[in-house]
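Some notes on the structure that comes next.
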Amino acid sequence: MQWFEYEYKDFPEVIAKRNIGCCVGEHWHPYVHNMLCGMLYNKIYAQIVQIKEKFGELRVYYDNHSPEAEAYILDAAKACSQTCADCGSQEDVELYSSKNKGWVLPRCKACRT
Ligand SMILES: [Zn+2]
């Protein structure tokens with residue numbers, strides 16, 4: 001997991017009026033970033049308060065609900081669910097946990113060991 005902060009000045013109204021924390025693996029960050037950029041470009045002011053990984057899924061908490069915002073979030077969550085949290089591969093990815101690897105995350109076949 002990587003802690004990452006998005007700043008209000010970069011995504012005004014897309015995220016809430018303060019900097020928000022985003023705690024997801026490095027291979028998921030591009031999808032989160034794309035989601036925020038897409039929302040900004042299309043003026044979807046979701047006022048996101050938190051972005052994190054929970055039970056192997058991308059979770060986005062936000063205040064200003066709309067079908068448009070939901071569509072962006074679902075797209076990003078889907079992309080993350082198909083991307084290995086360990087290596088970024090998109091081949092044969094499934095939710096997986098083990099004693100060695102800790103909690104459940106999407107992992108490719110090579111990383112499911
Ligand atoms: Zn992998």
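Identifiers for the structure tokens are assigned positionally: chains receive A, B, ... in sequence, residues are indexed from 1 per chain, and ligands are indexed from 1 in the order shown.
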
**Request:** Counting only C-alpha atoms and all ligand atoms, name the residues that have an atom within 12 Å of an atom of ligand 1; the answer should be given as a VMD selection string.
**Result:** chain A and resid 27 82 to 96 101 105 to 113

Let's have the selection written as a CSV table (one decimal), in the first residue's frame, with C-alpha atoms.
chain,number,residue,atom,x,y,z
A,27,HIS,CA,-0.4,-0.3,-9.6
A,82,GLN,CA,-8.4,-6.7,-13.1
A,83,THR,CA,-5.0,-5.5,-12.1
A,84,CYS,CA,-2.6,-7.5,-10.0
A,85,ALA,CA,-1.9,-5.5,-6.8
A,86,ASP,CA,1.6,-7.0,-6.5
A,87,CYS,CA,3.0,-6.6,-10.0
A,88,GLY,CA,0.4,-4.8,-12.2
A,89,SER,CA,-0.2,-7.7,-14.6
A,90,GLN,CA,-3.7,-8.0,-16.1
A,91,GLU,CA,-3.4,-11.6,-16.9
A,92,ASP,CA,-5.6,-14.1,-15.1
A,93,VAL,CA,-6.2,-11.9,-12.1
A,94,GLU,CA,-8.4,-13.2,-9.2
A,95,LEU,CA,-9.0,-12.1,-5.6
A,96,TYR,CA,-6.5,-14.0,-3.5
A,101,LYS,CA,0.5,-12.4,1.4
A,105,LEU,CA,-6.3,-8.5,-3.2
A,106,PRO,CA,-6.5,-9.1,-6.9
A,107,ARG,CA,-3.4,-11.1,-7.9
A,108,CYS,CA,-2.2,-12.6,-11.2
A,109,LYS,CA,-1.4,-16.3,-11.4
A,110,ALA,CA,2.3,-15.8,-10.9
A,111,CYS,CA,1.7,-13.8,-7.7
A,112,ARG,CA,-0.9,-16.3,-6.3
A,113,THR,CA,1.8,-18.5,-4.7

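Backbone DSSP of stretch 4-98 of chain A yields strand (DSSP E or B) at A:Phe4, A:Glu5, A:Tyr6, A:Pro12, A:Ile15, A:Ile20, A:Gly21, A:Cys22, A:Cys23, A:Val24, A:Ile48, A:Val49, A:Gln50, A:Ile51, A:Lys52, A:Glu53, A:Lys54, A:Glu57, A:Leu58, A:Arg59, A:Val60, A:Tyr61, A:Tyr62, A:Glu94, A:Leu95, A:Tyr96, A:Ser97, A:Ser98.
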
For the residues in the current selection, export N, CA and C atoms as a tab-separated table (two decimals), in the first residue's frame.
chain	number	residue	atom	x	y	z
A	4	PHE	N	-0.98	8.25	-0.57
A	4	PHE	CA	-0.85	9.28	-1.58
A	4	PHE	C	-1.86	10.35	-1.26
A	5	GLU	N	-1.49	11.59	-1.48
A	5	GLU	CA	-2.42	12.66	-1.18
A	5	GLU	C	-2.77	13.43	-2.44
A	6	TYR	N	-4.06	13.63	-2.65
A	6	TYR	CA	-4.50	14.48	-3.76
A	6	TYR	C	-4.89	15.83	-3.20
A	12	PRO	N	-10.23	20.72	-8.00
A	12	PRO	CA	-11.24	21.48	-7.26
A	12	PRO	C	-12.65	20.91	-7.48
A	15	ILE	N	-12.66	16.61	-5.61
A	15	ILE	CA	-12.43	16.12	-4.25
A	15	ILE	C	-12.90	17.20	-3.27
A	20	ILE	N	-7.08	15.07	0.22
A	20	ILE	CA	-7.62	13.79	0.66
A	20	ILE	C	-6.57	12.70	0.54
A	21	GLY	N	-6.68	11.74	1.42
A	21	GLY	CA	-5.76	10.62	1.40
A	21	GLY	C	-6.25	9.54	0.46
A	22	CYS	N	-5.30	8.88	-0.17
A	22	CYS	CA	-5.62	7.76	-1.05
A	22	CYS	C	-4.64	6.65	-0.69
A	23	CYS	N	-5.16	5.53	-0.23
A	23	CYS	CA	-4.27	4.45	0.19
A	23	CYS	C	-4.58	3.20	-0.64
A	24	VAL	N	-3.88	3.08	-1.75
A	24	VAL	CA	-4.02	1.90	-2.61
A	24	VAL	C	-2.63	1.52	-3.11
A	48	ILE	N	-15.12	14.05	-3.45
A	48	ILE	CA	-14.60	12.82	-2.87
A	48	ILE	C	-13.90	13.11	-1.55
A	49	VAL	N	-14.17	12.29	-0.56
A	49	VAL	CA	-13.53	12.51	0.74
A	49	VAL	C	-12.45	11.48	1.06
A	50	GLN	N	-12.56	10.30	0.45
A	50	GLN	CA	-11.55	9.28	0.74
A	50	GLN	C	-11.51	8.24	-0.38
A	51	ILE	N	-10.30	7.75	-0.66
A	51	ILE	CA	-10.10	6.69	-1.64
A	51	ILE	C	-9.24	5.63	-0.99
A	52	LYS	N	-9.70	4.40	-1.00
A	52	LYS	CA	-8.87	3.36	-0.39
A	52	LYS	C	-9.21	1.98	-0.95
A	53	GLU	N	-8.41	1.04	-0.53
A	53	GLU	CA	-8.65	-0.36	-0.88
A	53	GLU	C	-9.31	-1.03	0.31
A	54	LYS	N	-10.38	-1.79	0.04
A	54	LYS	CA	-11.05	-2.52	1.12
A	54	LYS	C	-11.54	-3.85	0.57
A	57	GLU	N	-11.02	-4.39	-3.07
A	57	GLU	CA	-11.68	-3.54	-4.06
A	57	GLU	C	-11.32	-2.08	-3.83
A	58	LEU	N	-11.36	-1.33	-4.92
A	58	LEU	CA	-11.20	0.11	-4.80
A	58	LEU	C	-12.49	0.69	-4.23
A	59	ARG	N	-12.37	1.48	-3.17
A	59	ARG	CA	-13.54	2.14	-2.59
A	59	ARG	C	-13.34	3.64	-2.66
A	60	VAL	N	-14.36	4.31	-3.13
A	60	VAL	CA	-14.31	5.77	-3.21
A	60	VAL	C	-15.51	6.31	-2.43
A	61	TYR	N	-15.23	7.11	-1.43
A	61	TYR	CA	-16.30	7.72	-0.63
A	61	TYR	C	-16.45	9.17	-1.06
A	62	TYR	N	-17.68	9.56	-1.34
A	62	TYR	CA	-17.89	10.92	-1.82
A	62	TYR	C	-19.28	11.42	-1.43
A	94	GLU	N	-7.25	-12.79	-10.11
A	94	GLU	CA	-8.35	-13.19	-9.22
A	94	GLU	C	-8.08	-12.64	-7.83
A	95	LEU	N	-9.15	-12.49	-7.05
A	95	LEU	CA	-8.98	-12.13	-5.65
A	95	LEU	C	-8.29	-13.29	-4.94
A	96	TYR	N	-7.27	-12.96	-4.15
A	96	TYR	CA	-6.49	-14.02	-3.53
A	96	TYR	C	-5.85	-13.53	-2.23
A	97	SER	N	-5.85	-14.40	-1.26
A	97	SER	CA	-5.09	-14.10	-0.03
A	97	SER	C	-4.42	-15.38	0.42
A	98	SER	N	-3.37	-15.24	1.19
A	98	SER	CA	-2.70	-16.41	1.75
A	98	SER	C	-2.03	-16.00	3.03

**Message:** Measuring between only C-alpha atoms, which one of A:Val104, A:Ala79, A:Leu74, A:Val14 shows the shortest distance to A:Gly38?
**Reply:**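 Ranking A:Val104, A:Ala79, A:Leu74, A:Val14 by distance to A:Gly38, first place goes to A:Val14.
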
**Best match for closeness to A:Lys43 among A:Trp3, A:Arg18, A:Ile73, A:Glu68, counting only C-alpha atoms** =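 Nearest to A:Lys43: A:Glu68.
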
**Request:** Tell me which of A:Asn64, A:Ala77, A:Gln2, A:Lys99 sits closest to A:Met35, counting only C-alpha atoms.
**Result:**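 Closest to A:Met35, using only C-alpha atoms: A:Ala77.
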
**Item:** Residues of chain A in alpha helix (DSSP H), written as number ranges by chain
**Value:** A: 29-41, 67-81

Could the residues in this selection be saved with C-alpha atoms as a PDB file, in the first residue's frame?
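Wrote it out as again-v8.pdb, contents follow:
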ATOM      1  CA  HIS A  29      -2.775   4.747  -8.788  1.00  0.00           C
ATOM      2  CA  PRO A  30      -2.944   5.299 -12.563  1.00  0.00           C
ATOM      3  CA  TYR A  31      -6.640   4.325 -12.540  1.00  0.00           C
ATOM      4  CA  VAL A  32      -7.399   6.579  -9.605  1.00  0.00           C
ATOM      5  CA  HIS A  33      -5.577   9.425 -11.303  1.00  0.00           C
ATOM      6  CA  ASN A  34      -7.419   8.849 -14.593  1.00  0.00           C
ATOM      7  CA  MET A  35     -10.732   8.822 -12.757  1.00  0.00           C
ATOM      8  CA  LEU A  36     -10.010  12.163 -11.087  1.00  0.00           C
ATOM      9  CA  CYS A  37      -8.783  13.736 -14.328  1.00  0.00           C
ATOM     10  CA  GLY A  38     -11.867  12.470 -16.190  1.00  0.00           C
ATOM     11  CA  MET A  39     -14.188  13.889 -13.560  1.00  0.00           C
ATOM     12  CA  LEU A  40     -12.387  17.218 -13.598  1.00  0.00           C
ATOM     13  CA  TYR A  41     -12.497  17.435 -17.387  1.00  0.00           C
ATOM     14  CA  PRO A  67     -24.972   8.597 -11.854  1.00  0.00           C
ATOM     15  CA  GLU A  68     -22.072  10.236 -13.724  1.00  0.00           C
ATOM     16  CA  ALA A  69     -19.788  10.108 -10.701  1.00  0.00           C
ATOM     17  CA  GLU A  70     -20.834   6.536  -9.992  1.00  0.00           C
ATOM     18  CA  ALA A  71     -19.954   5.517 -13.566  1.00  0.00           C
ATOM     19  CA  TYR A  72     -16.426   6.909 -13.228  1.00  0.00           C
ATOM     20  CA  ILE A  73     -15.927   5.171  -9.917  1.00  0.00           C
ATOM     21  CA  LEU A  74     -17.227   1.851 -11.236  1.00  0.00           C
ATOM     22  CA  ASP A  75     -14.894   2.068 -14.222  1.00  0.00           C
ATOM     23  CA  ALA A  76     -11.883   2.685 -11.991  1.00  0.00           C
ATOM     24  CA  ALA A  77     -12.924  -0.058  -9.568  1.00  0.00           C
ATOM     25  CA  LYS A  78     -13.308  -2.504 -12.434  1.00  0.00           C
ATOM     26  CA  ALA A  79      -9.872  -1.668 -13.828  1.00  0.00           C
ATOM     27  CA  CYS A  80      -8.335  -2.137 -10.373  1.00  0.00           C
ATOM     28  CA  SER A  81     -10.101  -5.467  -9.872  1.00  0.00           C
TER      29      SER A  81
END

**Asked** Distance atom CA of A:Asp10-atom CA of A:Phe55, one decimal place?
**Response**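 These two atoms are separated by 28.6 Å.
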